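Listing of my_file06.pdb, PDB, C-alpha atoms
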ATOM      1  CA  MET A   1      -7.611 -39.245 -40.803  1.00  0.00           C
ATOM      2  CA  VAL A   2      -7.798 -41.531 -43.808  1.00  0.00           C
ATOM      3  CA  THR A   3      -5.611 -44.591 -43.514  1.00  0.00           C
ATOM      4  CA  ILE A   4      -4.348 -46.212 -46.648  1.00  0.00           C
ATOM      5  CA  GLY A   5      -2.890 -49.652 -47.144  1.00  0.00           C
ATOM      6  CA  ARG A   6       0.580 -50.539 -48.329  1.00  0.00           C
ATOM      7  CA  ASN A   7       1.126 -49.867 -52.002  1.00  0.00           C
ATOM      8  CA  VAL A   8       2.776 -53.034 -53.310  1.00  0.00           C
ATOM      9  CA  LYS A   9       1.957 -52.087 -56.910  1.00  0.00           C
ATOM     10  CA  ILE A  10       4.519 -49.289 -56.918  1.00  0.00           C
ATOM     11  CA  LYS A  11       7.150 -51.659 -55.540  1.00  0.00           C
ATOM     12  CA  VAL A  12       6.376 -54.232 -58.249  1.00  0.00           C
ATOM     13  CA  ALA A  13       6.426 -51.619 -61.024  1.00  0.00           C
ATOM     14  CA  ARG A  14       9.727 -50.353 -59.672  1.00  0.00           C
ATOM     15  CA  ALA A  15      11.171 -53.848 -59.641  1.00  0.00           C
ATOM     16  CA  GLU A  16      10.075 -54.390 -63.258  1.00  0.00           C
ATOM     17  CA  LEU A  17      12.201 -51.398 -64.246  1.00  0.00           C
ATOM     18  CA  ASP A  18      14.985 -52.464 -61.869  1.00  0.00           C
ATOM     19  CA  MET A  19      14.624 -49.134 -60.125  1.00  0.00           C
ATOM     20  CA  THR A  20      15.503 -48.452 -56.509  1.00  0.00           C
ATOM     21  CA  GLN A  21      13.273 -46.448 -54.194  1.00  0.00           C
ATOM     22  CA  LYS A  22      15.936 -43.730 -54.161  1.00  0.00           C
ATOM     23  CA  ALA A  23      16.065 -43.559 -57.975  1.00  0.00           C
ATOM     24  CA  LEU A  24      12.287 -43.285 -58.238  1.00  0.00           C
ATOM     25  CA  ALA A  25      12.207 -40.619 -55.548  1.00  0.00           C
ATOM     26  CA  GLU A  26      14.841 -38.605 -57.388  1.00  0.00           C
ATOM     27  CA  ALA A  27      13.036 -39.030 -60.712  1.00  0.00           C
ATOM     28  CA  VAL A  28       9.806 -37.563 -59.345  1.00  0.00           C
ATOM     29  CA  GLY A  29      11.574 -34.923 -57.247  1.00  0.00           C
ATOM     30  CA  ILE A  30      10.748 -36.086 -53.735  1.00  0.00           C
ATOM     31  CA  SER A  31      12.754 -37.433 -50.809  1.00  0.00           C
ATOM     32  CA  ARG A  32      13.292 -41.143 -50.227  1.00  0.00           C
ATOM     33  CA  GLN A  33      11.508 -40.700 -46.899  1.00  0.00           C
ATOM     34  CA  THR A  34       8.358 -39.602 -48.756  1.00  0.00           C
ATOM     35  CA  MET A  35       8.642 -42.358 -51.372  1.00  0.00           C
ATOM     36  CA  ASN A  36       8.967 -44.924 -48.600  1.00  0.00           C
ATOM     37  CA  ALA A  37       5.957 -43.449 -46.760  1.00  0.00           C
ATOM     38  CA  ILE A  38       3.863 -43.746 -49.959  1.00  0.00           C
ATOM     39  CA  GLU A  39       4.845 -47.390 -50.450  1.00  0.00           C
ATOM     40  CA  GLN A  40       4.200 -48.171 -46.803  1.00  0.00           C
ATOM     41  CA  GLY A  41       0.798 -46.477 -46.985  1.00  0.00           C
ATOM     42  CA  ASP A  42       1.757 -43.877 -44.394  1.00  0.00           C
ATOM     43  CA  TYR A  43       1.295 -40.938 -46.741  1.00  0.00           C
ATOM     44  CA  ASN A  44      -1.495 -40.242 -49.192  1.00  0.00           C
ATOM     45  CA  PRO A  45       0.108 -38.371 -52.134  1.00  0.00           C
ATOM     46  CA  THR A  46      -1.577 -35.598 -54.093  1.00  0.00           C
ATOM     47  CA  ILE A  47      -2.895 -36.381 -57.564  1.00  0.00           C
ATOM     48  CA  LYS A  48      -0.018 -34.348 -58.998  1.00  0.00           C
ATOM     49  CA  LEU A  49       2.555 -36.598 -57.336  1.00  0.00           C
ATOM     50  CA  CYS A  50       0.605 -39.750 -58.247  1.00  0.00           C
ATOM     51  CA  ARG A  51       0.713 -38.718 -61.887  1.00  0.00           C
ATOM     52  CA  ALA A  52       4.442 -38.013 -61.692  1.00  0.00           C
ATOM     53  CA  ILE A  53       5.067 -41.492 -60.258  1.00  0.00           C
ATOM     54  CA  CYS A  54       2.879 -43.062 -62.972  1.00  0.00           C
ATOM     55  CA  ARG A  55       4.752 -41.178 -65.678  1.00  0.00           C
ATOM     56  CA  VAL A  56       8.148 -42.385 -64.447  1.00  0.00           C
ATOM     57  CA  LEU A  57       6.988 -45.990 -63.998  1.00  0.00           C
ATOM     58  CA  GLY A  58       5.035 -46.036 -67.292  1.00  0.00           C
ATOM     59  CA  LYS A  59       1.772 -47.022 -65.620  1.00  0.00           C
ATOM     60  CA  THR A  60      -1.692 -45.545 -65.387  1.00  0.00           C
ATOM     61  CA  LEU A  61      -3.254 -44.093 -62.256  1.00  0.00           C
ATOM     62  CA  ASP A  62      -5.612 -47.032 -62.097  1.00  0.00           C
ATOM     63  CA  GLU A  63      -2.758 -49.527 -62.308  1.00  0.00           C
ATOM     64  CA  LEU A  64      -0.823 -47.982 -59.445  1.00  0.00           C
ATOM     65  CA  PHE A  65      -3.408 -46.289 -57.305  1.00  0.00           C
ATOM     66  CA  GLY A  66      -6.699 -47.875 -58.319  1.00  0.00           C
ATOM     67  CA  GLU A  67      -8.661 -49.809 -55.747  1.00  0.00           C
ATOM     68  CA  GLU A  68      -8.122 -53.563 -55.634  1.00  0.00           C
ATOM     69  CA  GLU A  69     -11.046 -55.643 -56.889  1.00  0.00           C
ATOM     70  CA  ASN A  70     -11.859 -58.666 -54.783  1.00  0.00           C
TER      71      ASN A  70
ATOM     72  CA  MET B   1      11.859 -10.631 -52.543  1.00  0.00           C
ATOM     73  CA  LYS B   2      14.558 -13.081 -53.560  1.00  0.00           C
ATOM     74  CA  ASP B   3      13.602 -15.290 -50.594  1.00  0.00           C
ATOM     75  CA  LYS B   4      10.000 -15.371 -51.806  1.00  0.00           C
ATOM     76  CA  GLU B   5      11.054 -16.646 -55.177  1.00  0.00           C
ATOM     77  CA  ALA B   6      13.487 -19.208 -53.731  1.00  0.00           C
ATOM     78  CA  LYS B   7      12.667 -22.789 -54.616  1.00  0.00           C
ATOM     79  CA  ASN B   8      10.940 -24.857 -51.959  1.00  0.00           C
ATOM     80  CA  MET B   9      13.480 -27.458 -50.892  1.00  0.00           C
ATOM     81  CA  LEU B  10      10.827 -29.689 -49.343  1.00  0.00           C
ATOM     82  CA  ASP B  11       8.616 -32.202 -51.110  1.00  0.00           C
ATOM     83  CA  GLU B  12       4.868 -32.275 -50.472  1.00  0.00           C
ATOM     84  CA  MET B  13       4.952 -34.647 -47.498  1.00  0.00           C
ATOM     85  CA  GLN B  14       7.782 -32.769 -45.802  1.00  0.00           C
ATOM     86  CA  ASP B  15       5.996 -29.493 -46.535  1.00  0.00           C
ATOM     87  CA  ARG B  16       2.787 -30.802 -44.976  1.00  0.00           C
ATOM     88  CA  LYS B  17       4.689 -32.009 -41.920  1.00  0.00           C
ATOM     89  CA  LEU B  18       6.419 -28.648 -41.550  1.00  0.00           C
ATOM     90  CA  LEU B  19       3.042 -26.899 -41.814  1.00  0.00           C
ATOM     91  CA  LYS B  20       1.732 -29.100 -39.001  1.00  0.00           C
ATOM     92  CA  ILE B  21       4.776 -28.332 -36.868  1.00  0.00           C
ATOM     93  CA  GLU B  22       4.375 -24.608 -37.552  1.00  0.00           C
ATOM     94  CA  GLU B  23       0.664 -24.813 -36.767  1.00  0.00           C
ATOM     95  CA  PHE B  24       1.358 -26.547 -33.462  1.00  0.00           C
ATOM     96  CA  GLY B  25       4.092 -24.004 -32.700  1.00  0.00           C
ATOM     97  CA  PHE B  26       1.727 -21.130 -33.375  1.00  0.00           C
ATOM     98  CA  TRP B  27      -0.973 -22.458 -31.060  1.00  0.00           C
ATOM     99  CA  LEU B  28       1.599 -23.296 -28.388  1.00  0.00           C
ATOM    100  CA  VAL B  29       2.873 -19.705 -28.416  1.00  0.00           C
ATOM    101  CA  PHE B  30      -0.685 -18.358 -28.524  1.00  0.00           C
ATOM    102  CA  TRP B  31      -1.965 -20.290 -25.497  1.00  0.00           C
ATOM    103  CA  VAL B  32       1.224 -19.904 -23.466  1.00  0.00           C
ATOM    104  CA  LEU B  33       1.061 -16.148 -24.110  1.00  0.00           C
ATOM    105  CA  PHE B  34      -2.622 -16.165 -23.180  1.00  0.00           C
ATOM    106  CA  ALA B  35      -1.845 -17.999 -19.915  1.00  0.00           C
ATOM    107  CA  VAL B  36       1.012 -15.594 -19.156  1.00  0.00           C
ATOM    108  CA  VAL B  37      -1.271 -12.578 -19.685  1.00  0.00           C
ATOM    109  CA  LEU B  38      -3.923 -14.108 -17.400  1.00  0.00           C
ATOM    110  CA  LEU B  39      -1.388 -14.976 -14.723  1.00  0.00           C
ATOM    111  CA  GLN B  40       0.230 -11.559 -14.818  1.00  0.00           C
ATOM    112  CA  THR B  41      -3.158  -9.841 -14.688  1.00  0.00           C
ATOM    113  CA  VAL B  42      -4.121 -11.903 -11.658  1.00  0.00           C
ATOM    114  CA  MET B  43      -0.852 -10.961  -9.998  1.00  0.00           C
ATOM    115  CA  GLY B  44      -1.663  -7.271 -10.426  1.00  0.00           C
ATOM    116  CA  THR B  45       0.378  -6.322 -13.498  1.00  0.00           C
ATOM    117  CA  THR B  46      -1.028  -3.212 -15.178  1.00  0.00           C
ATOM    118  CA  LEU B  47      -2.347  -3.151 -18.735  1.00  0.00           C
ATOM    119  CA  LYS B  48       0.455  -0.767 -19.690  1.00  0.00           C
ATOM    120  CA  GLU B  49       3.041  -3.297 -18.573  1.00  0.00           C
ATOM    121  CA  LEU B  50       1.257  -5.999 -20.549  1.00  0.00           C
ATOM    122  CA  ALA B  51       0.989  -3.934 -23.736  1.00  0.00           C
ATOM    123  CA  GLY B  52       3.541  -6.012 -25.669  1.00  0.00           C
ATOM    124  CA  GLU B  53       1.947  -9.360 -24.864  1.00  0.00           C
ATOM    125  CA  LEU B  54      -1.544  -8.016 -25.536  1.00  0.00           C
ATOM    126  CA  ALA B  55      -0.458  -6.553 -28.874  1.00  0.00           C
ATOM    127  CA  ALA B  56       0.990  -9.933 -29.931  1.00  0.00           C
ATOM    128  CA  LEU B  57      -2.193 -11.756 -28.871  1.00  0.00           C
ATOM    129  CA  ALA B  58      -4.412  -9.193 -30.598  1.00  0.00           C
ATOM    130  CA  ALA B  59      -2.369  -9.375 -33.816  1.00  0.00           C
ATOM    131  CA  ALA B  60      -2.576 -13.188 -33.887  1.00  0.00           C
ATOM    132  CA  SER B  61      -6.305 -13.171 -33.099  1.00  0.00           C
ATOM    133  CA  VAL B  62      -7.134 -10.545 -35.714  1.00  0.00           C
ATOM    134  CA  TYR B  63      -5.086 -12.411 -38.324  1.00  0.00           C
ATOM    135  CA  ILE B  64      -6.761 -15.750 -37.591  1.00  0.00           C
ATOM    136  CA  ALA B  65     -10.253 -14.245 -37.520  1.00  0.00           C
ATOM    137  CA  PHE B  66      -9.958 -12.217 -40.708  1.00  0.00           C
ATOM    138  CA  SER B  67      -8.069 -14.845 -42.712  1.00  0.00           C
ATOM    139  CA  SER B  68     -10.675 -17.460 -41.774  1.00  0.00           C
ATOM    140  CA  LEU B  69     -13.567 -15.174 -42.692  1.00  0.00           C
ATOM    141  CA  LYS B  70     -11.906 -14.173 -45.962  1.00  0.00           C
ATOM    142  CA  ASN B  71     -11.644 -17.843 -46.912  1.00  0.00           C
ATOM    143  CA  GLY B  72     -15.156 -18.647 -45.727  1.00  0.00           C
ATOM    144  CA  LEU B  73     -13.962 -20.833 -42.859  1.00  0.00           C
ATOM    145  CA  TRP B  74     -15.359 -21.157 -39.338  1.00  0.00           C
ATOM    146  CA  THR B  75     -14.056 -23.926 -37.064  1.00  0.00           C
ATOM    147  CA  ARG B  76     -13.538 -27.619 -37.667  1.00  0.00           C
ATOM    148  CA  LYS B  77     -16.024 -28.768 -35.056  1.00  0.00           C
ATOM    149  CA  TYR B  78     -18.767 -26.163 -34.823  1.00  0.00           C
ATOM    150  CA  THR B  79     -21.065 -24.482 -37.287  1.00  0.00           C
ATOM    151  CA  PRO B  80     -21.914 -20.845 -36.628  1.00  0.00           C
ATOM    152  CA  THR B  81     -25.427 -20.573 -35.213  1.00  0.00           C
ATOM    153  CA  LEU B  82     -27.218 -18.097 -32.976  1.00  0.00           C
ATOM    154  CA  LYS B  83     -27.325 -20.752 -30.256  1.00  0.00           C
ATOM    155  CA  THR B  84     -23.582 -21.514 -30.282  1.00  0.00           C
ATOM    156  CA  ASN B  85     -22.789 -17.783 -30.308  1.00  0.00           C
ATOM    157  CA  LEU B  86     -25.116 -17.211 -27.328  1.00  0.00           C
ATOM    158  CA  LEU B  87     -23.520 -20.109 -25.475  1.00  0.00           C
ATOM    159  CA  ALA B  88     -19.943 -19.067 -26.269  1.00  0.00           C
ATOM    160  CA  SER B  89     -20.653 -15.458 -25.207  1.00  0.00           C
ATOM    161  CA  ALA B  90     -22.254 -16.637 -21.957  1.00  0.00           C
ATOM    162  CA  VAL B  91     -19.264 -18.855 -21.163  1.00  0.00           C
ATOM    163  CA  ALA B  92     -16.840 -16.015 -21.988  1.00  0.00           C
ATOM    164  CA  SER B  93     -18.684 -13.541 -19.739  1.00  0.00           C
ATOM    165  CA  LEU B  94     -18.857 -16.041 -16.855  1.00  0.00           C
ATOM    166  CA  ILE B  95     -15.128 -16.822 -17.142  1.00  0.00           C
ATOM    167  CA  PHE B  96     -14.371 -13.091 -17.307  1.00  0.00           C
ATOM    168  CA  GLY B  97     -16.561 -12.397 -14.276  1.00  0.00           C
ATOM    169  CA  GLY B  98     -15.088 -15.251 -12.256  1.00  0.00           C
ATOM    170  CA  PHE B  99     -11.574 -14.239 -13.200  1.00  0.00           C
ATOM    171  CA  ASN B 100     -12.189 -10.630 -12.136  1.00  0.00           C
ATOM    172  CA  ALA B 101     -13.790 -11.681  -8.852  1.00  0.00           C
ATOM    173  CA  VAL B 102     -10.808 -13.904  -7.979  1.00  0.00           C
ATOM    174  CA  ARG B 103      -8.394 -11.153  -8.962  1.00  0.00           C
ATOM    175  CA  ALA B 104     -10.141  -8.424  -6.955  1.00  0.00           C
ATOM    176  CA  PHE B 105     -11.187 -10.249  -3.808  1.00  0.00           C
ATOM    177  CA  VAL B 106      -8.710 -13.117  -3.472  1.00  0.00           C
ATOM    178  CA  ILE B 107      -5.453 -11.889  -4.984  1.00  0.00           C
ATOM    179  CA  LEU B 108      -5.644  -8.115  -4.478  1.00  0.00           C
ATOM    180  CA  LYS B 109      -7.723  -8.586  -1.260  1.00  0.00           C
ATOM    181  CA  LYS B 110     -10.133  -5.758  -2.078  1.00  0.00           C
ATOM    182  CA  PRO B 111     -12.751  -5.356   0.688  1.00  0.00           C
ATOM    183  CA  VAL B 112     -16.240  -6.439  -0.406  1.00  0.00           C
ATOM    184  CA  GLU B 113     -18.577  -3.441  -0.752  1.00  0.00           C
ATOM    185  CA  PRO B 114     -22.379  -3.338  -1.251  1.00  0.00           C
ATOM    186  CA  GLY B 115     -22.258  -2.264  -4.905  1.00  0.00           C
ATOM    187  CA  ASP B 116     -19.690  -4.877  -5.944  1.00  0.00           C
ATOM    188  CA  ALA B 117     -22.172  -7.518  -7.035  1.00  0.00           C
ATOM    189  CA  VAL B 118     -23.991  -5.049  -9.285  1.00  0.00           C
ATOM    190  CA  GLN B 119     -20.706  -3.794 -10.701  1.00  0.00           C
ATOM    191  CA  MET B 120     -19.576  -7.356 -11.474  1.00  0.00           C
ATOM    192  CA  ALA B 121     -22.922  -8.177 -13.068  1.00  0.00           C
ATOM    193  CA  VAL B 122     -22.758  -5.070 -15.273  1.00  0.00           C
ATOM    194  CA  LEU B 123     -19.230  -6.027 -16.299  1.00  0.00           C
ATOM    195  CA  CYS B 124     -20.312  -9.585 -17.166  1.00  0.00           C
ATOM    196  CA  VAL B 125     -23.312  -8.366 -19.157  1.00  0.00           C
ATOM    197  CA  GLY B 126     -21.041  -5.920 -20.978  1.00  0.00           C
ATOM    198  CA  VAL B 127     -18.637  -8.712 -21.932  1.00  0.00           C
ATOM    199  CA  PHE B 128     -21.558 -10.897 -22.986  1.00  0.00           C
ATOM    200  CA  ILE B 129     -23.006  -8.172 -25.252  1.00  0.00           C
ATOM    201  CA  LEU B 130     -19.599  -7.419 -26.758  1.00  0.00           C
ATOM    202  CA  CYS B 131     -18.810 -11.092 -27.436  1.00  0.00           C
ATOM    203  CA  PHE B 132     -22.263 -11.791 -28.811  1.00  0.00           C
ATOM    204  CA  ALA B 133     -22.233  -8.734 -31.094  1.00  0.00           C
ATOM    205  CA  LEU B 134     -18.793  -9.675 -32.388  1.00  0.00           C
ATOM    206  CA  THR B 135     -19.554 -13.363 -32.980  1.00  0.00           C
ATOM    207  CA  GLU B 136     -22.878 -12.504 -34.629  1.00  0.00           C
ATOM    208  CA  ALA B 137     -21.149  -9.984 -36.910  1.00  0.00           C
ATOM    209  CA  PHE B 138     -18.575 -12.669 -37.778  1.00  0.00           C
ATOM    210  CA  ARG B 139     -21.349 -15.188 -38.420  1.00  0.00           C
ATOM    211  CA  LEU B 140     -23.109 -12.865 -40.854  1.00  0.00           C
ATOM    212  CA  ILE B 141     -19.853 -12.037 -42.647  1.00  0.00           C
ATOM    213  CA  TYR B 142     -19.013 -15.766 -42.783  1.00  0.00           C
ATOM    214  CA  LYS B 143     -22.386 -16.642 -44.337  1.00  0.00           C
ATOM    215  CA  LYS B 144     -22.092 -13.866 -46.905  1.00  0.00           C
ATOM    216  CA  ARG B 145     -18.549 -14.892 -47.785  1.00  0.00           C
ATOM    217  CA  ARG B 146     -19.465 -18.587 -47.977  1.00  0.00           C
ATOM    218  CA  ARG B 147     -22.279 -17.758 -50.419  1.00  0.00           C
ATOM    219  CA  LYS B 148     -19.942 -15.669 -52.560  1.00  0.00           C
ATOM    220  CA  LEU B 149     -17.242 -18.358 -52.648  1.00  0.00           C
ATOM    221  CA  ASN B 150     -19.772 -21.020 -53.597  1.00  0.00           C
ATOM    222  CA  ASP B 151     -21.088 -18.822 -56.405  1.00  0.00           C
ATOM    223  CA  ILE B 152     -17.567 -18.410 -57.789  1.00  0.00           C
ATOM    224  CA  GLU B 153     -16.997 -22.152 -57.652  1.00  0.00           C
ATOM    225  CA  GLU B 154     -20.248 -22.733 -59.533  1.00  0.00           C
ATOM    226  CA  GLU B 155     -19.276 -20.234 -62.218  1.00  0.00           C
ATOM    227  CA  LYS B 156     -15.896 -21.908 -62.661  1.00  0.00           C
ATOM    228  CA  GLU B 157     -17.592 -25.257 -63.029  1.00  0.00           C
ATOM    229  CA  ARG B 158     -19.426 -24.182 -66.212  1.00  0.00           C
TER     230      ARG B 158
END

Can you dump the structure from the file as structure tokens?
Amino acid sequence: MVTIGRNVKIKVARAELDMTQKALAEAVGISRQTMNAIEQGDYNPTIKLCRAICRVLGKTLDELFGEEEN
Amino acid sequence: MKDKEAKNMLDEMQDRKLLKIEEFGFWLVFWVLFAVVLLQTVMGTTLKELAGELAALAAASVYIAFSSLKNGLWTRKYTPTLKTNLLASAVASLIFGGFNAVRAFVILKKPVEPGDAVQMAVLCVGVFILCFALTEAFRLIYKKRRRKLNDIEEEKER
């Protein structure tokens, strides 16, 4: 099983738009449980869902889901 | 029909979790049923009395086997080879033989007769041949199907 780290970038992008986790979940058509799991890195979303999140937050895939450069 | 078209109320993570629960449930029922059939057979239940359980097991097995082959899938851990098929068939025939010996001589207390060993051996060889023929047929179908599916994927790629 692939483990993924916490996704802080979604949380930051959400905060920039003053959007709650619940509001973002509703906007992309998923449960808050799933949105929370994505942010916590407990669930690896499909590319379709990633794109939906990017669309709502006005970010690119790379900005939200791209690998961190050290 | 209306149910089929009904909107899925679950999101992708919930759907995946439900699939895992359903998968676990299926295998739980399958193996419990398998154990029940074995136990009842050992205790002397006739095949006629076990018809319902055997039909359910057969239906599940046939579905799993044919759906996997149709989609070009084998197992997660093993690749289909002549060697693994030989080994699996040998294990199956030994388990079958051992099971029958316990049932006949320990549970049903059948007196041991001179021809019993030969009869058991013939039975084991029969099971081995049947299992091997079946797994080899599945292996050939799997390879053919895998090739066909890969060809389609290549065509789509163009």

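Among the candidate residues A:Cys54, A:Leu49, A:Gly29, A:Glu67, the one lying nearest to A:Arg6 is A:Glu67, with distances computed using all atoms listed in the file.
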
On this file, the PyMOL selection byres ((chain B) within 9 of (chain A)) gives some set of residues; write that set as a count of residues only.
-> 5

Contacts of stretch 55-57 of chain A within 12 Å, only C-alpha atoms, excl. fewer than 2 positions in-chain, as JSON, numbers by chain = {"A": [9, 10, 11, 12, 13, 14, 15, 16, 17, 18, 19, 20, 21, 23, 24, 25, 26, 27, 28, 29, 48, 49, 50, 51, 52, 53, 59, 60, 61, 63, 64]}

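Put simply, atom CA of B:Ala133 is 14.5 Å away from atom CA of B:Val91.
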
Written as number ranges by chain, what is the full residue list that the PyMOL selection byres ((chain B and resi 57-73) around 7) yields on the file shown?
-> B: 30, 53-56, 74-75, 142, 145-146

How about saving the chosen residues, C-alpha atoms kept, as a short mmCIF file (atom, residue, chain, number, x, y, z; two decimals), in the coordinates of the input?
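Wrote it out as part02.cif, contents follow:
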data_model
loop_
_atom_site.label_atom_id
_atom_site.label_comp_id
_atom_site.auth_asym_id
_atom_site.auth_seq_id
_atom_site.Cartn_x
_atom_site.Cartn_y
_atom_site.Cartn_z
CA PHE B 30 -0.68 -18.36 -28.52
CA GLU B 53 1.95 -9.36 -24.86
CA LEU B 54 -1.54 -8.02 -25.54
CA ALA B 55 -0.46 -6.55 -28.87
CA ALA B 56 0.99 -9.93 -29.93
CA TRP B 74 -15.36 -21.16 -39.34
CA THR B 75 -14.06 -23.93 -37.06
CA TYR B 142 -19.01 -15.77 -42.78
CA ARG B 145 -18.55 -14.89 -47.78
CA ARG B 146 -19.46 -18.59 -47.98
#

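Counting all atoms listed in the file, B:Ala104 has the following residues at most 12 Å away, ignoring those fewer than 4 positions along the same chain: Thr41, Val42, Met43, Gly44, Gly97, Gly98, Phe99, Asn100, Leu108, Lys109, Lys110, Pro111, Val112, Glu113, Asp116 and Met120 of chain B.
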
What separation in Å, quoted to one decimal, exists between atom CA of B:Phe132 and atom CA of B:Ser89?
-> 5.4 Å

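Picture a line from atom CA of B:Lys48 to atom CA of B:Phe128; it runs 24.5 Å.
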
Could you rebuild stretch 60-67 of chain B with all heavy atoms and give it back as a PDB file, in the frame of the given file?
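Output file rebuild-v4.pdb is given in full below:
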ATOM      1  N   ALA B  60      -2.327 -11.794 -33.494  1.00  0.00           N
ATOM      2  CA  ALA B  60      -2.576 -13.188 -33.887  1.00  0.00           C
ATOM      3  C   ALA B  60      -4.077 -13.451 -34.022  1.00  0.00           C
ATOM      4  O   ALA B  60      -4.527 -14.077 -34.981  1.00  0.00           O
ATOM      5  CB  ALA B  60      -1.965 -14.136 -32.866  1.00  0.00           C
ATOM      6  N   SER B  61      -4.851 -12.945 -33.076  1.00  0.00           N
ATOM      7  CA  SER B  61      -6.305 -13.171 -33.099  1.00  0.00           C
ATOM      8  C   SER B  61      -6.956 -12.516 -34.312  1.00  0.00           C
ATOM      9  O   SER B  61      -7.791 -13.123 -34.983  1.00  0.00           O
ATOM     10  CB  SER B  61      -6.949 -12.620 -31.826  1.00  0.00           C
ATOM     11  OG  SER B  61      -6.324 -13.153 -30.706  1.00  0.00           O
ATOM     12  N   VAL B  62      -6.559 -11.265 -34.569  1.00  0.00           N
ATOM     13  CA  VAL B  62      -7.134 -10.545 -35.714  1.00  0.00           C
ATOM     14  C   VAL B  62      -6.769 -11.263 -37.018  1.00  0.00           C
ATOM     15  O   VAL B  62      -7.616 -11.454 -37.891  1.00  0.00           O
ATOM     16  CB  VAL B  62      -6.642  -9.069 -35.730  1.00  0.00           C
ATOM     17  CG1 VAL B  62      -6.946  -8.386 -37.052  1.00  0.00           C
ATOM     18  CG2 VAL B  62      -7.281  -8.301 -34.585  1.00  0.00           C
ATOM     19  N   TYR B  63      -5.515 -11.711 -37.113  1.00  0.00           N
ATOM     20  CA  TYR B  63      -5.086 -12.411 -38.324  1.00  0.00           C
ATOM     21  C   TYR B  63      -5.898 -13.688 -38.545  1.00  0.00           C
ATOM     22  O   TYR B  63      -6.405 -13.933 -39.638  1.00  0.00           O
ATOM     23  CB  TYR B  63      -3.586 -12.743 -38.252  1.00  0.00           C
ATOM     24  CG  TYR B  63      -3.142 -13.631 -39.386  1.00  0.00           C
ATOM     25  CD1 TYR B  63      -3.000 -13.110 -40.677  1.00  0.00           C
ATOM     26  CD2 TYR B  63      -2.940 -15.000 -39.200  1.00  0.00           C
ATOM     27  CE1 TYR B  63      -2.642 -13.932 -41.727  1.00  0.00           C
ATOM     28  CE2 TYR B  63      -2.585 -15.818 -40.250  1.00  0.00           C
ATOM     29  CZ  TYR B  63      -2.437 -15.288 -41.514  1.00  0.00           C
ATOM     30  OH  TYR B  63      -2.103 -16.091 -42.566  1.00  0.00           O
ATOM     31  N   ILE B  64      -6.018 -14.491 -37.481  1.00  0.00           N
ATOM     32  CA  ILE B  64      -6.761 -15.750 -37.591  1.00  0.00           C
ATOM     33  C   ILE B  64      -8.220 -15.491 -37.970  1.00  0.00           C
ATOM     34  O   ILE B  64      -8.771 -16.121 -38.880  1.00  0.00           O
ATOM     35  CB  ILE B  64      -6.697 -16.530 -36.245  1.00  0.00           C
ATOM     36  CG1 ILE B  64      -5.314 -17.121 -36.032  1.00  0.00           C
ATOM     37  CG2 ILE B  64      -7.761 -17.630 -36.170  1.00  0.00           C
ATOM     38  CD1 ILE B  64      -4.997 -18.363 -36.836  1.00  0.00           C
ATOM     39  N   ALA B  65      -8.835 -14.528 -37.278  1.00  0.00           N
ATOM     40  CA  ALA B  65     -10.253 -14.245 -37.520  1.00  0.00           C
ATOM     41  C   ALA B  65     -10.489 -13.763 -38.955  1.00  0.00           C
ATOM     42  O   ALA B  65     -11.345 -14.302 -39.667  1.00  0.00           O
ATOM     43  CB  ALA B  65     -10.756 -13.212 -36.521  1.00  0.00           C
ATOM     44  N   PHE B  66      -9.700 -12.783 -39.390  1.00  0.00           N
ATOM     45  CA  PHE B  66      -9.958 -12.217 -40.708  1.00  0.00           C
ATOM     46  C   PHE B  66      -9.544 -13.149 -41.853  1.00  0.00           C
ATOM     47  O   PHE B  66     -10.220 -13.206 -42.876  1.00  0.00           O
ATOM     48  CB  PHE B  66      -9.333 -10.825 -40.834  1.00  0.00           C
ATOM     49  CG  PHE B  66     -10.145  -9.795 -40.104  1.00  0.00           C
ATOM     50  CD1 PHE B  66      -9.866  -9.475 -38.792  1.00  0.00           C
ATOM     51  CD2 PHE B  66     -11.232  -9.177 -40.713  1.00  0.00           C
ATOM     52  CE1 PHE B  66     -10.638  -8.559 -38.083  1.00  0.00           C
ATOM     53  CE2 PHE B  66     -12.020  -8.265 -40.026  1.00  0.00           C
ATOM     54  CZ  PHE B  66     -11.721  -7.943 -38.704  1.00  0.00           C
ATOM     55  N   SER B  67      -8.464 -13.896 -41.657  1.00  0.00           N
ATOM     56  CA  SER B  67      -8.069 -14.845 -42.712  1.00  0.00           C
ATOM     57  C   SER B  67      -9.117 -15.942 -42.855  1.00  0.00           C
ATOM     58  O   SER B  67      -9.433 -16.361 -43.971  1.00  0.00           O
ATOM     59  CB  SER B  67      -6.727 -15.503 -42.373  1.00  0.00           C
ATOM     60  OG  SER B  67      -5.758 -14.530 -42.242  1.00  0.00           O
TER      61      SER B  67
END
